[in-house]
$ cat final29.pdb   # PDB, C-alpha atoms
MODEL        1
ATOM      1  CA  MET A1375       1.684   3.688   0.296
ATOM      2  CA  ASN A1376      -0.011   6.103   2.698
ATOM      3  CA  TYR A1377       2.536   6.169   5.514
ATOM      4  CA  GLN A1378       3.804   9.477   6.900
ATOM      5  CA  ILE A1379       7.468  10.017   6.022
ATOM      6  CA  LEU A1380       9.304  11.408   9.062
ATOM      7  CA  ILE A1381      12.898  11.166   7.821
ATOM      8  CA  ASN A1382      14.132  10.613   4.290
ATOM      9  CA  GLU A1383      17.710  11.829   4.374
ATOM     10  CA  THR A1384      21.329  10.840   3.972
ATOM     11  CA  PHE A1385      22.936   9.976   7.297
ATOM     12  CA  LEU A1386      25.705  12.446   6.480
ATOM     13  CA  ASN A1387      23.161  15.251   6.920
ATOM     14  CA  LEU A1388      21.783  13.841  10.180
ATOM     15  CA  THR A1389      24.888  13.105  12.234
ATOM     16  CA  SER A1390      27.073  15.615  14.048
ATOM     17  CA  ASP A1391      29.903  13.103  14.522
ATOM     18  CA  VAL A1392      32.593  14.278  12.105
ATOM     19  CA  ASN A1393      34.879  11.402  13.096
ATOM     20  CA  LEU A1394      32.478   8.631  12.057
ATOM     21  CA  LYS A1395      33.608   7.143   8.728
ATOM     22  CA  PRO A1396      32.630   6.009   6.158
ATOM     23  CA  ILE A1397      29.115   7.488   6.149
ATOM     24  CA  GLU A1398      28.712   8.855   2.618
ATOM     25  CA  LYS A1399      26.657   5.894   1.381
ATOM     26  CA  LYS A1400      24.216   5.658   4.268
ATOM     27  CA  HIS A1401      20.590   6.751   4.321
ATOM     28  CA  VAL A1402      17.743   6.855   6.839
ATOM     29  CA  LEU A1403      14.037   6.410   6.064
ATOM     30  CA  SER A1404      11.563   6.735   8.935
ATOM     31  CA  MET A1405       7.827   6.336   8.434
ATOM     32  CA  ALA A1406       4.725   6.105  10.580
ATOM     33  CA  ASN A1407       1.256   4.657  10.181
ATOM     34  CA  GLY A1408      -1.801   6.779  10.931
ATOM     35  CA  PHE A1409      -4.601   6.805  13.530
ATOM     36  CA  GLU A1410      -8.379   6.809  13.328
ATOM     37  CA  ASP A1411     -10.804   7.453  16.200
ATOM     38  CA  GLY A1412      -7.831   7.593  18.543
ATOM     39  CA  GLN A1413      -6.569   4.146  17.525
ATOM     40  CA  TRP A1414      -3.475   3.139  15.547
ATOM     41  CA  GLN A1415      -4.635   1.761  12.190
ATOM     42  CA  PHE A1416      -3.856  -1.943  12.482
ATOM     43  CA  ALA A1417      -6.170  -2.740   9.560
ATOM     44  CA  ASP A1418      -4.226  -0.447   7.214
ATOM     45  CA  LEU A1419      -0.996  -2.319   7.927
ATOM     46  CA  HIS A1420      -2.626  -5.693   7.307
ATOM     47  CA  ARG A1421      -4.140  -4.442   4.051
ATOM     48  CA  PHE A1422      -0.676  -3.286   2.975
ATOM     49  CA  VAL A1423       0.704  -6.762   3.753
ATOM     50  CA  TRP A1424      -1.968  -8.606   1.796
ATOM     51  CA  ASP A1425      -1.828  -6.143  -1.103
ATOM     52  CA  ASN A1426       1.860  -7.050  -1.508
ATOM     53  CA  VAL A1427       2.001 -10.704  -0.493
ATOM     54  CA  ALA A1428       1.651 -12.093  -4.029
ATOM     55  CA  GLU A1429       4.848 -10.466  -5.313
ATOM     56  CA  THR A1430       6.736 -11.890  -2.343
ATOM     57  CA  ALA A1431       5.383 -15.429  -2.377
ATOM     58  CA  LEU A1432       4.584 -16.139  -6.051
ATOM     59  CA  SER A1433       6.717 -16.178  -9.177
ATOM     60  CA  VAL A1434       5.852 -13.897 -12.109
ATOM     61  CA  LYS A1435       4.499 -16.916 -14.008
ATOM     62  CA  GLU A1436       2.199 -17.852 -11.140
ATOM     63  CA  ARG A1437       0.982 -14.272 -10.727
ATOM     64  CA  ASN A1438       0.279 -13.962 -14.452
ATOM     65  CA  CYS A1439      -1.772 -17.151 -14.383
ATOM     66  CA  LEU A1440      -3.948 -15.646 -11.650
ATOM     67  CA  VAL A1441      -4.461 -12.153 -13.097
ATOM     68  CA  GLY A1442      -7.990 -11.006 -12.271
ATOM     69  CA  LYS A1443      -8.362 -13.702  -9.617
ATOM     70  CA  ALA A1444      -7.550 -11.806  -6.435
ATOM     71  CA  GLN A1445      -8.863 -14.470  -4.043
ATOM     72  CA  SER A1446      -6.980 -17.221  -5.854
ATOM     73  CA  GLN A1447      -3.777 -15.156  -5.695
ATOM     74  CA  LEU A1448      -4.088 -14.781  -1.929
ATOM     75  CA  ILE A1449      -4.752 -18.488  -1.443
ATOM     76  CA  ALA A1450      -1.814 -19.473  -3.658
ATOM     77  CA  ALA A1451       0.494 -16.994  -1.896
ATOM     78  CA  ALA A1452      -0.560 -18.259   1.539
ATOM     79  CA  GLN A1453       0.384 -21.815   0.558
ATOM     80  CA  ASN A1454       3.989 -20.646   0.134
ATOM     81  CA  LEU A1455       4.184 -18.825   3.466
ATOM     82  CA  ARG A1456       6.242 -20.860   5.918
ATOM     83  CA  LEU A1457       4.501 -19.501   9.033
ATOM     84  CA  THR A1458       7.764 -19.248  10.940
ATOM     85  CA  ASP A1459       5.937 -16.352  12.586
ATOM     86  CA  LYS A1460       3.858 -18.927  14.464
ATOM     87  CA  SER A1461       6.383 -21.582  15.382
ATOM     88  CA  ASP A1462       9.703 -19.802  15.913
ATOM     89  CA  ASP A1463       9.848 -17.375  18.846
ATOM     90  CA  ILE A1464      13.232 -16.033  17.711
ATOM     91  CA  GLY A1465      11.967 -15.238  14.220
ATOM     92  CA  LYS A1466       8.435 -14.259  15.196
ATOM     93  CA  GLY A1467       7.271 -11.675  12.693
ATOM     94  CA  SER A1468      10.157 -12.254  10.278
ATOM     95  CA  GLU A1469       7.961 -13.404   7.402
ATOM     96  CA  LEU A1470       5.590 -10.498   7.958
ATOM     97  CA  ALA A1471       8.570  -8.110   7.937
ATOM     98  CA  GLU A1472       9.802  -9.578   4.637
ATOM     99  CA  ILE A1473       6.455  -8.847   2.988
ATOM    100  CA  ILE A1474       6.371  -5.287   4.325
ATOM    101  CA  LEU A1475       9.903  -4.709   3.031
ATOM    102  CA  TYR A1476       8.812  -5.897  -0.420
ATOM    103  CA  GLY A1477       5.941  -3.411  -0.327
ATOM    104  CA  ILE A1478       8.221  -0.549   0.703
ATOM    105  CA  MET A1479      10.733  -1.489  -1.981
ATOM    106  CA  LYS A1480       8.010  -1.466  -4.624
ATOM    107  CA  HIS A1481       6.187   1.697  -3.621
ATOM    108  CA  HIS A1482       8.951   3.900  -2.203
ATOM    109  CA  TYR A1483      12.024   2.830  -4.177
ATOM    110  CA  GLU A1484      10.177   1.698  -7.348
ATOM    111  CA  ALA A1485      12.081  -1.583  -7.282
ATOM    112  CA  LEU A1486      11.455  -4.716  -9.338
ATOM    113  CA  PRO A1487      11.065  -7.949  -7.298
ATOM    114  CA  VAL A1488      13.358 -10.091  -9.431
ATOM    115  CA  VAL A1489      13.454 -12.893  -6.845
ATOM    116  CA  PRO A1490      10.167 -13.590  -5.007
ATOM    117  CA  LYS A1491      12.112 -14.685  -1.937
ATOM    118  CA  ILE A1492       9.379 -16.424   0.028
ATOM    119  CA  PHE A1493       8.503 -18.405  -3.122
ATOM    120  CA  TYR A1494      12.160 -19.341  -3.592
ATOM    121  CA  LYS A1495      12.748 -20.261   0.049
ATOM    122  CA  GLN A1496       9.613 -22.408   0.151
ATOM    123  CA  ASN A1497      10.414 -24.299  -3.022
ATOM    124  CA  ALA A1498      14.141 -24.612  -2.388
ATOM    125  CA  GLN A1499      13.581 -25.481   1.290
ATOM    126  CA  ASP A1500      16.265 -22.923   2.192
ATOM    127  CA  ASN A1501      14.678 -20.868   4.940
ATOM    128  CA  ALA A1502      17.703 -19.655   6.849
ATOM    129  CA  LYS A1503      20.342 -18.081   4.650
ATOM    130  CA  GLY A1504      20.641 -15.234   2.190
ATOM    131  CA  ALA A1505      18.953 -11.859   1.866
ATOM    132  CA  ASP A1506      15.318 -11.405   2.887
ATOM    133  CA  SER A1507      14.568  -9.544  -0.340
ATOM    134  CA  VAL A1508      16.253  -9.255  -3.720
ATOM    135  CA  HIS A1509      15.348  -6.373  -6.023
ATOM    136  CA  ILE A1510      16.676  -4.434  -8.974
ATOM    137  CA  VAL A1511      16.141  -0.692  -9.314
ATOM    138  CA  LEU A1512      16.383   0.675 -12.853
ATOM    139  CA  SER A1513      17.665   4.183 -13.521
ATOM    140  CA  ASN A1514      17.656   5.245 -17.161
ATOM    141  CA  ASP A1515      19.863   2.604 -18.828
ATOM    142  CA  ASP A1516      21.578   1.500 -15.626
ATOM    143  CA  PHE A1517      20.650  -0.554 -12.563
ATOM    144  CA  SER A1518      21.430  -1.248  -8.908
ATOM    145  CA  LEU A1519      21.102  -4.453  -6.871
ATOM    146  CA  TRP A1520      19.206  -4.394  -3.573
ATOM    147  CA  PHE A1521      19.710  -7.196  -1.037
ATOM    148  CA  GLY A1522      17.408  -6.500   1.895
ATOM    149  CA  GLU A1523      17.197  -7.502   5.551
ATOM    150  CA  ALA A1524      13.941  -7.323   7.515
ATOM    151  CA  LYS A1525      13.364  -7.753  11.246
ATOM    152  CA  PHE A1526      10.393  -7.317  13.588
ATOM    153  CA  TYR A1527      11.669  -6.499  17.076
ATOM    154  CA  ASN A1528      10.086  -5.867  20.463
ATOM    155  CA  SER A1529      12.753  -3.199  20.962
ATOM    156  CA  ILE A1530      15.527  -1.477  19.009
ATOM    157  CA  GLU A1531      17.607  -0.491  21.991
ATOM    158  CA  ASN A1532      21.372  -0.871  21.579
ATOM    159  CA  ALA A1533      21.458  -4.489  22.771
ATOM    160  CA  ARG A1534      19.241  -5.588  19.867
ATOM    161  CA  LEU A1535      21.228  -3.971  17.062
ATOM    162  CA  GLY A1536      23.991  -6.571  16.988
ATOM    163  CA  THR A1537      21.709  -9.306  15.627
ATOM    164  CA  ILE A1538      20.788  -7.431  12.463
ATOM    165  CA  ILE A1539      24.373  -6.269  11.904
ATOM    166  CA  GLU A1540      25.633  -9.841  12.178
ATOM    167  CA  SER A1541      22.954 -10.970   9.727
ATOM    168  CA  ILE A1542      23.970  -8.261   7.243
ATOM    169  CA  GLY A1543      27.632  -9.192   7.584
ATOM    170  CA  ASN A1544      26.798 -12.813   6.760
ATOM    171  CA  ALA A1545      24.704 -11.783   3.751
ATOM    172  CA  LEU A1546      27.599  -9.679   2.382
ATOM    173  CA  ASN A1547      29.873 -12.703   2.264
ATOM    174  CA  THR A1548      31.197 -12.969  -1.313
ATOM    175  CA  GLU A1549      29.932 -16.514  -1.816
ATOM    176  CA  LYS A1550      26.451 -15.602  -0.597
ATOM    177  CA  LEU A1551      26.345 -12.586  -2.904
ATOM    178  CA  LYS A1552      27.347 -14.810  -5.820
ATOM    179  CA  LYS A1553      24.593 -17.243  -4.864
ATOM    180  CA  GLU A1554      22.028 -14.429  -4.858
ATOM    181  CA  ASN A1555      23.265 -13.297  -8.270
ATOM    182  CA  SER A1556      22.992 -16.831  -9.648
ATOM    183  CA  ILE A1557      19.394 -17.045  -8.393
ATOM    184  CA  ILE A1558      18.578 -13.819 -10.252
ATOM    185  CA  THR A1559      20.078 -15.104 -13.490
ATOM    186  CA  ASN A1560      18.619 -18.612 -13.216
ATOM    187  CA  LEU A1561      15.034 -17.615 -12.490
ATOM    188  CA  GLN A1562      12.922 -16.422 -15.411
ATOM    189  CA  ASP A1563      11.335 -13.505 -13.548
ATOM    190  CA  ILE A1564      13.869 -11.010 -14.857
ATOM    191  CA  GLU A1565      12.840 -11.880 -18.424
ATOM    192  CA  HIS A1566       9.310 -10.669 -17.658
ATOM    193  CA  LEU A1567      10.155  -7.719 -15.417
ATOM    194  CA  VAL A1568      12.877  -5.984 -17.474
ATOM    195  CA  SER A1569      11.383  -5.278 -20.883
ATOM    196  CA  ASP A1570      14.379  -3.448 -22.369
ATOM    197  CA  ASP A1571      16.566  -6.092 -24.047
ATOM    198  CA  LEU A1572      19.775  -4.056 -23.727
ATOM    199  CA  VAL A1573      19.262  -3.299 -20.039
ATOM    200  CA  ARG A1574      18.369  -6.915 -19.317
ATOM    201  CA  LYS A1575      21.516  -8.117 -21.106
ATOM    202  CA  LYS A1576      23.584  -5.568 -19.163
ATOM    203  CA  ILE A1577      22.200  -6.946 -15.888
ATOM    204  CA  LEU A1578      22.747 -10.587 -16.810
ATOM    205  CA  ASP A1579      26.270  -9.908 -18.071
ATOM    206  CA  ALA A1580      27.181  -8.048 -14.855
ATOM    207  CA  LEU A1581      25.894 -10.918 -12.706
ATOM    208  CA  GLU A1582      27.688 -13.635 -14.649
ATOM    209  CA  VAL A1583      28.929 -16.105 -12.047
ATOM    210  CA  ARG A1584      32.574 -16.097 -13.138
ATOM    211  CA  LYS A1585      32.921 -12.344 -12.705
ATOM    212  CA  SER A1586      34.408 -10.883  -9.556
ATOM    213  CA  ILE A1587      32.008  -9.375  -7.000
ATOM    214  CA  ASP A1588      34.396  -6.398  -6.948
ATOM    215  CA  GLU A1589      33.065  -5.406 -10.375
ATOM    216  CA  ILE A1590      29.514  -4.887  -9.095
ATOM    217  CA  VAL A1591      29.976  -4.019  -5.418
ATOM    218  CA  SER A1592      29.336  -0.317  -6.041
ATOM    219  CA  ARG A1593      25.892  -1.293  -7.410
ATOM    220  CA  ILE A1594      24.882  -3.042  -4.185
ATOM    221  CA  HIS A1595      22.343  -1.448  -1.839
ATOM    222  CA  VAL A1596      21.242  -2.967   1.464
ATOM    223  CA  PRO A1597      17.818  -1.827   2.732
ATOM    224  CA  ILE A1598      17.493  -2.716   6.434
ATOM    225  CA  LEU A1599      13.897  -2.693   7.669
ATOM    226  CA  LEU A1600      13.441  -2.583  11.452
ATOM    227  CA  ILE A1601       9.780  -2.797  12.392
ATOM    228  CA  HIS A1602       9.707  -2.275  16.126
ATOM    229  CA  GLU A1603       7.361  -2.046  19.065
ATOM    230  CA  CYS A1604       7.363   1.556  20.259
ATOM    231  CA  GLU A1605       6.128   2.997  23.557
ATOM    232  CA  ILE A1606       5.697   6.431  21.985
ATOM    233  CA  THR A1607       3.369   4.949  19.375
ATOM    234  CA  ALA A1608       1.504   2.811  21.928
ATOM    235  CA  LYS A1609       0.638   5.932  23.961
ATOM    236  CA  ALA A1610      -0.320   8.116  20.968
ATOM    237  CA  THR A1611      -3.845   8.727  19.673
ATOM    238  CA  LYS A1612      -3.118  10.846  16.592
ATOM    239  CA  LEU A1613      -0.382  12.035  14.242
ATOM    240  CA  SER A1614       0.186  15.167  16.282
ATOM    241  CA  ASP A1615       3.240  17.368  15.850
ATOM    242  CA  GLU A1616       4.392  16.227  19.282
ATOM    243  CA  TYR A1617       4.118  12.552  18.346
ATOM    244  CA  LEU A1618       5.868  12.997  15.004
ATOM    245  CA  LYS A1619       8.729  14.936  16.616
ATOM    246  CA  SER A1620       9.140  12.343  19.374
ATOM    247  CA  VAL A1621       9.357   9.454  16.908
ATOM    248  CA  ARG A1622      11.631  11.434  14.592
ATOM    249  CA  ASP A1623      14.019  12.261  17.443
ATOM    250  CA  PHE A1624      13.995   8.650  18.625
ATOM    251  CA  HIS A1625      14.723   7.337  15.137
ATOM    252  CA  MET A1626      17.552   9.817  14.625
ATOM    253  CA  ASP A1627      19.095   8.581  17.876
ATOM    254  CA  ARG A1628      18.653   4.939  16.819
ATOM    255  CA  ALA A1629      20.181   5.642  13.398
ATOM    256  CA  GLN A1630      23.221   7.197  15.055
ATOM    257  CA  HIS A1631      23.765   4.200  17.321
ATOM    258  CA  TYR A1632      22.999   1.723  14.547
ATOM    259  CA  PHE A1633      25.541   3.093  12.082
ATOM    260  CA  GLU A1634      28.143   3.516  14.810
ATOM    261  CA  ALA A1635      27.734  -0.181  15.647
ATOM    262  CA  GLN A1636      27.649  -1.255  11.999
ATOM    263  CA  ILE A1637      30.839   0.623  11.134
ATOM    264  CA  LYS A1638      32.590  -0.844  14.170
ATOM    265  CA  LYS A1639      31.497  -4.389  13.263
ATOM    266  CA  LEU A1640      31.660  -4.365   9.452
ATOM    267  CA  GLY A1641      33.903  -1.403   8.602
ATOM    268  CA  SER A1642      36.959  -3.602   8.050
ATOM    269  CA  LEU A1643      35.286  -5.548   5.225
ATOM    270  CA  HIS A1644      37.066  -4.863   1.933
ATOM    271  CA  LYS A1645      33.831  -4.060   0.086
ATOM    272  CA  TYR A1646      32.102  -2.134   2.904
ATOM    273  CA  PRO A1647      32.891   1.491   1.861
ATOM    274  CA  GLU A1648      31.429   0.944  -1.625
ATOM    275  CA  ILE A1649      28.076  -0.499  -0.502
ATOM    276  CA  THR A1650      25.051   1.761   0.043
ATOM    277  CA  PHE A1651      22.966   1.142   3.174
ATOM    278  CA  HIS A1652      19.390   2.271   3.853
ATOM    279  CA  LEU A1653      18.107   2.037   7.441
ATOM    280  CA  ILE A1654      14.284   1.920   7.394
ATOM    281  CA  LEU A1655      12.463   2.383  10.709
ATOM    282  CA  PHE A1656       8.769   1.648  11.238
ATOM    283  CA  PRO A1657       7.183   1.907  14.732
ATOM    284  CA  VAL A1658       4.149  -0.129  15.838
ATOM    285  CA  PRO A1659       2.242  -0.130  19.153
ATOM    286  CA  ASN A1660       1.956  -3.892  19.719
ATOM    287  CA  LYS A1661       3.994  -6.586  17.971
ATOM    288  CA  LYS A1662       2.040  -9.573  19.303
ATOM    289  CA  LYS A1663      -1.315  -8.229  18.138
ATOM    290  CA  ILE A1664       0.021  -7.653  14.619
ATOM    291  CA  VAL A1665       1.779 -11.023  14.312
ATOM    292  CA  ASP A1666      -1.167 -12.981  15.738
ATOM    293  CA  LYS A1667      -3.567 -11.376  13.258
ATOM    294  CA  PHE A1668      -1.196 -12.099  10.365
ATOM    295  CA  VAL A1669      -0.859 -15.757  11.392
ATOM    296  CA  ALA A1670      -4.643 -16.077  11.687
ATOM    297  CA  ASN A1671      -5.096 -14.616   8.186
ATOM    298  CA  VAL A1672      -2.482 -16.954   6.712
ATOM    299  CA  GLU A1673      -4.113 -19.983   8.343
ATOM    300  CA  HIS A1674      -7.479 -18.861   6.974
ATOM    301  CA  TYR A1675      -6.183 -18.665   3.382
ATOM    302  CA  LYS A1676      -4.204 -21.907   3.728
ATOM    303  CA  ASP A1677      -7.453 -23.676   4.585
ATOM    304  CA  GLN A1678      -9.325 -22.432   1.504
TER     305      GLN A1678
ENDMDL
END

$ encode --input "final29.pdb" --output "structure tokens"
Amino acid sequence: MNYQILINETFLNLTSDVNLKPIEKKHVLSMANGFEDGQWQFADLHRFVWDNVAETALSVKERNCLVGKAQSQLIAAAQNLRLTDKSDDIGKGSELAEIILYGIMKHHYEALPVVPKIFYKQNAQDNAKGADSVHIVLSNDDFSLWFGEAKFYNSIENARLGTIIESIGNALNTEKLKKENSIITNLQDIEHLVSDDLVRKKILDALEVRKSIDEIVSRIHVPILLIHECEITAKATKLSDEYLKSVRDFHMDRAQHYFEAQIKKLGSLHKYPEITFHLILFPVPNKKKIVDKFVANVEHYKDQ
């Protein structure tokens, strides 16, 4: 992943508001794509999407059957894409954002995609509810659960933040978390992805459906990817110090307002203080151009 990291810090170290609580388990990741010949590198973003689409849209079994067949993998993955990006103005770019989040989870957080969510949604015909990504991150002999949300917005001004916060609140409902855990344990992907028998058993035991969510809530992380159209990026021609500082300052301001709004909306939830949140911000110059190209590529592979 060749994106420039602008912020990779705990929110506690970024905010000056000593009265804002709880903030100990909140993090901010800001990244930016590069430029070439004075132009933002649209092609690099699309390559990143298609390099990661298979793990989002195909099960481990399907991917293993197509090892060494890159074109076949892309065609098979495209068949499972729902193309809500084309037909649903409200969710335009949502499927693209899900794939980018999977790529960031894999390359930045070294996460295992234990539920290929687009594959599951397509086959279960359940397009609306639940997390946009489900991952496990291994650390020595322990693990954490990552239930992600991904949005592609025209703007991330204050008025737009409520939608993602409401979506996160719904996903943190105890019954929905139990459903996500049951998907992890019922699919066979975890058998292939976690090679250590003891660690795998520890994960499956912790996610056993009859156990209380309270027993695992401290393991839960919520990565929140906000890809957003950005005037600063649209006007830029290179990764200059001025550009990087402007985006960094803007993202720090957005992180402050986002977590203020999230705490106000979700802070009363019993499990909220124990959950770790990661706000991930990614600016682009033109949403429509990116989404239209993605839809055209998907349609091309669907027709193969």

$ residues_around --input "final29.pdb" --residues "Lys1480 in chain A" --least-positions-apart "6" --cutoff "9 Å" --atoms "only C-alpha atoms" --output "PDB file with C-alpha atoms, keeping the file's coordinate frame"
ATOM      1  CA  ASN A1426       1.860  -7.050  -1.508  1.00  0.00           C
ATOM      2  CA  LEU A1486      11.455  -4.716  -9.338  1.00  0.00           C
ATOM      3  CA  PRO A1487      11.065  -7.949  -7.298  1.00  0.00           C
ATOM      4  CA  HIS A1509      15.348  -6.373  -6.023  1.00  0.00           C
TER       5      HIS A1509
END

$ resolve_selection --input "final29.pdb" --expression "the PyMOL selection byres ((chain A and resi 1538-1555) around 7)" --output "MDAnalysis selection string"
chainID A and resid 1504:1505 1535:1537 1556:1559 1581 1583 1587 1636 1640

$ write_last_selection --input "final29.pdb" --atoms "C-alpha atoms" --output "tab-separated table (two decimals), in the coordinates of the input"
chain	number	residue	atom	x	y	z
A	1504	GLY	CA	20.64	-15.23	2.19
A	1505	ALA	CA	18.95	-11.86	1.87
A	1535	LEU	CA	21.23	-3.97	17.06
A	1536	GLY	CA	23.99	-6.57	16.99
A	1537	THR	CA	21.71	-9.31	15.63
A	1556	SER	CA	22.99	-16.83	-9.65
A	1557	ILE	CA	19.39	-17.05	-8.39
A	1558	ILE	CA	18.58	-13.82	-10.25
A	1559	THR	CA	20.08	-15.10	-13.49
A	1581	LEU	CA	25.89	-10.92	-12.71
A	1583	VAL	CA	28.93	-16.10	-12.05
A	1587	ILE	CA	32.01	-9.38	-7.00
A	1636	GLN	CA	27.65	-1.25	12.00
A	1640	LEU	CA	31.66	-4.36	9.45

$ residues_around --input "final29.pdb" --residues "Glu1634 in chain A" --least-positions-apart "4" --cutoff "9 Å" --atoms "only C-alpha atoms" --output "list in words"
Leu1394, Lys1395, Ala1629, Gln1630, Lys1638 and Lys1639 of chain A

$ resolve_selection --input "final29.pdb" --expression "the PyMOL selection byres ((chain A and resi 1675) around 8)" --output "ChimeraX atom specification"
/A:1448-1449,1452-1453,1671-1674,1676-1678

$ atom_distance --input "final29.pdb" --atom1 "CA of Leu1380 in chain A" --atom2 "CA of Ser1404 in chain A"
5.2 Å

$ resolve_selection --input "final29.pdb" --expression "the PyMOL selection byres ((chain A and resi 1628) around 10)" --output "number ranges by chain"
A: 1530-1532, 1535, 1622-1627, 1629-1634, 1653, 1655

$ atom_distance --input "final29.pdb" --atom1 "CA of Glu1565 in chain A" --atom2 "CA of Phe1517 in chain A"
15.0 Å

$ residues_around --input "final29.pdb" --residues "Phe1385 in chain A" --least-positions-apart "4" --cutoff "8 Å" --atoms "all atoms listed in the file" --output "ChimeraX atom specification"
/A:1389,1397-1398,1400-1402,1629

$ residues_around --input "final29.pdb" --residues "His1420 in chain A" --least-positions-apart "3" --cutoff "12 Å" --atoms "all atoms listed in the file" --output "mmCIF file with C-alpha atoms, in the coordinates of the input"
data_model
loop_
_atom_site.group_PDB
_atom_site.id
_atom_site.type_symbol
_atom_site.label_atom_id
_atom_site.label_comp_id
_atom_site.auth_asym_id
_atom_site.auth_seq_id
_atom_site.Cartn_x
_atom_site.Cartn_y
_atom_site.Cartn_z
ATOM 1 C CA ASN A 1407 1.256 4.657 10.181
ATOM 2 C CA GLN A 1415 -4.635 1.761 12.190
ATOM 3 C CA PHE A 1416 -3.856 -1.943 12.482
ATOM 4 C CA ALA A 1417 -6.170 -2.740 9.560
ATOM 5 C CA VAL A 1423 0.704 -6.762 3.753
ATOM 6 C CA TRP A 1424 -1.968 -8.606 1.796
ATOM 7 C CA ASP A 1425 -1.828 -6.143 -1.103
ATOM 8 C CA ASN A 1426 1.860 -7.050 -1.508
ATOM 9 C CA VAL A 1427 2.001 -10.704 -0.493
ATOM 10 C CA LEU A 1470 5.590 -10.498 7.958
ATOM 11 C CA ALA A 1471 8.570 -8.110 7.937
ATOM 12 C CA ILE A 1473 6.455 -8.847 2.988
ATOM 13 C CA ILE A 1474 6.371 -5.287 4.325
ATOM 14 C CA GLY A 1477 5.941 -3.411 -0.327
ATOM 15 C CA LYS A 1663 -1.315 -8.229 18.138
ATOM 16 C CA ILE A 1664 0.021 -7.653 14.619
ATOM 17 C CA VAL A 1665 1.779 -11.023 14.312
ATOM 18 C CA ASP A 1666 -1.167 -12.981 15.738
ATOM 19 C CA LYS A 1667 -3.567 -11.376 13.258
ATOM 20 C CA PHE A 1668 -1.196 -12.099 10.365
ATOM 21 C CA VAL A 1669 -0.859 -15.757 11.392
ATOM 22 C CA ALA A 1670 -4.643 -16.077 11.687
ATOM 23 C CA ASN A 1671 -5.096 -14.616 8.186
ATOM 24 C CA VAL A 1672 -2.482 -16.954 6.712
#

$ closest_residue --input "final29.pdb" --among "A:Ala1610, A:Asp1615, A:Glu1523, A:Ser1518" --to "Arg1593 in chain A" --atoms "only C-alpha atoms"
A:Ser1518

$ axis_aligned_box --input "final29.pdb" --around "range 1413-1421 of chain A" --padding-each-side "6 Å" --output "AutoDock Vina command-line options"
--center_x -3.8 --center_y -0.8 --center_z 10.8 --size_x 17.6 --size_y 21.8 --size_z 25.5

$ residues_near_point --input "final29.pdb" --point "(4.4, -0.1, 21.5)" --cutoff "9 Å" --atoms "all atoms listed in the file" --output "JSON, numbers by chain"
{"A": [1528, 1529, 1602, 1603, 1604, 1605, 1606, 1607, 1608, 1609, 1657, 1658, 1659, 1660, 1661]}

$ closest_residue --input "final29.pdb" --among "A:Asp1506, A:Leu1475, A:His1481, A:Lys1399" --to "Phe1651 in chain A" --atoms "all atoms listed in the file"
A:Lys1399

$ atom_distance --input "final29.pdb" --atom1 "CA of Thr1611 in chain A" --atom2 "CA of Gln1413 in chain A"
5.7 Å

$ closest_residue --input "final29.pdb" --among "A:Val1568, A:Leu1618, A:Ile1590, A:Val1596" --to "Ile1381 in chain A" --atoms "all atoms listed in the file"
A:Leu1618

$ residues_around --input "final29.pdb" --residues "Ile1478 in chain A" --least-positions-apart "4" --cutoff "10 Å" --atoms "all atoms listed in the file" --output "list in words"
Met1375, Phe1422, Asn1426, Glu1472, Ile1473, Ile1474, His1482, Tyr1483, Glu1484, Ala1485, Pro1597, Leu1599 and Ile1654 of chain A

$ write_last_selection --input "final29.pdb" --atoms "C-alpha atoms" --output "compact mmCIF listing (two decimals), in the frame of the given file"
# COMPACT_ATOMS: atom_id res chain seq x y z
CA MET A 1375 1.68 3.69 0.30
CA PHE A 1422 -0.68 -3.29 2.98
CA ASN A 1426 1.86 -7.05 -1.51
CA GLU A 1472 9.80 -9.58 4.64
CA ILE A 1473 6.46 -8.85 2.99
CA ILE A 1474 6.37 -5.29 4.32
CA HIS A 1482 8.95 3.90 -2.20
CA TYR A 1483 12.02 2.83 -4.18
CA GLU A 1484 10.18 1.70 -7.35
CA ALA A 1485 12.08 -1.58 -7.28
CA PRO A 1597 17.82 -1.83 2.73
CA LEU A 1599 13.90 -2.69 7.67
CA ILE A 1654 14.28 1.92 7.39

$ closest_residue --input "final29.pdb" --among "A:His1595, A:Lys1525, A:His1566, A:Lys1585" --to "His1652 in chain A" --atoms "only C-alpha atoms"
A:His1595
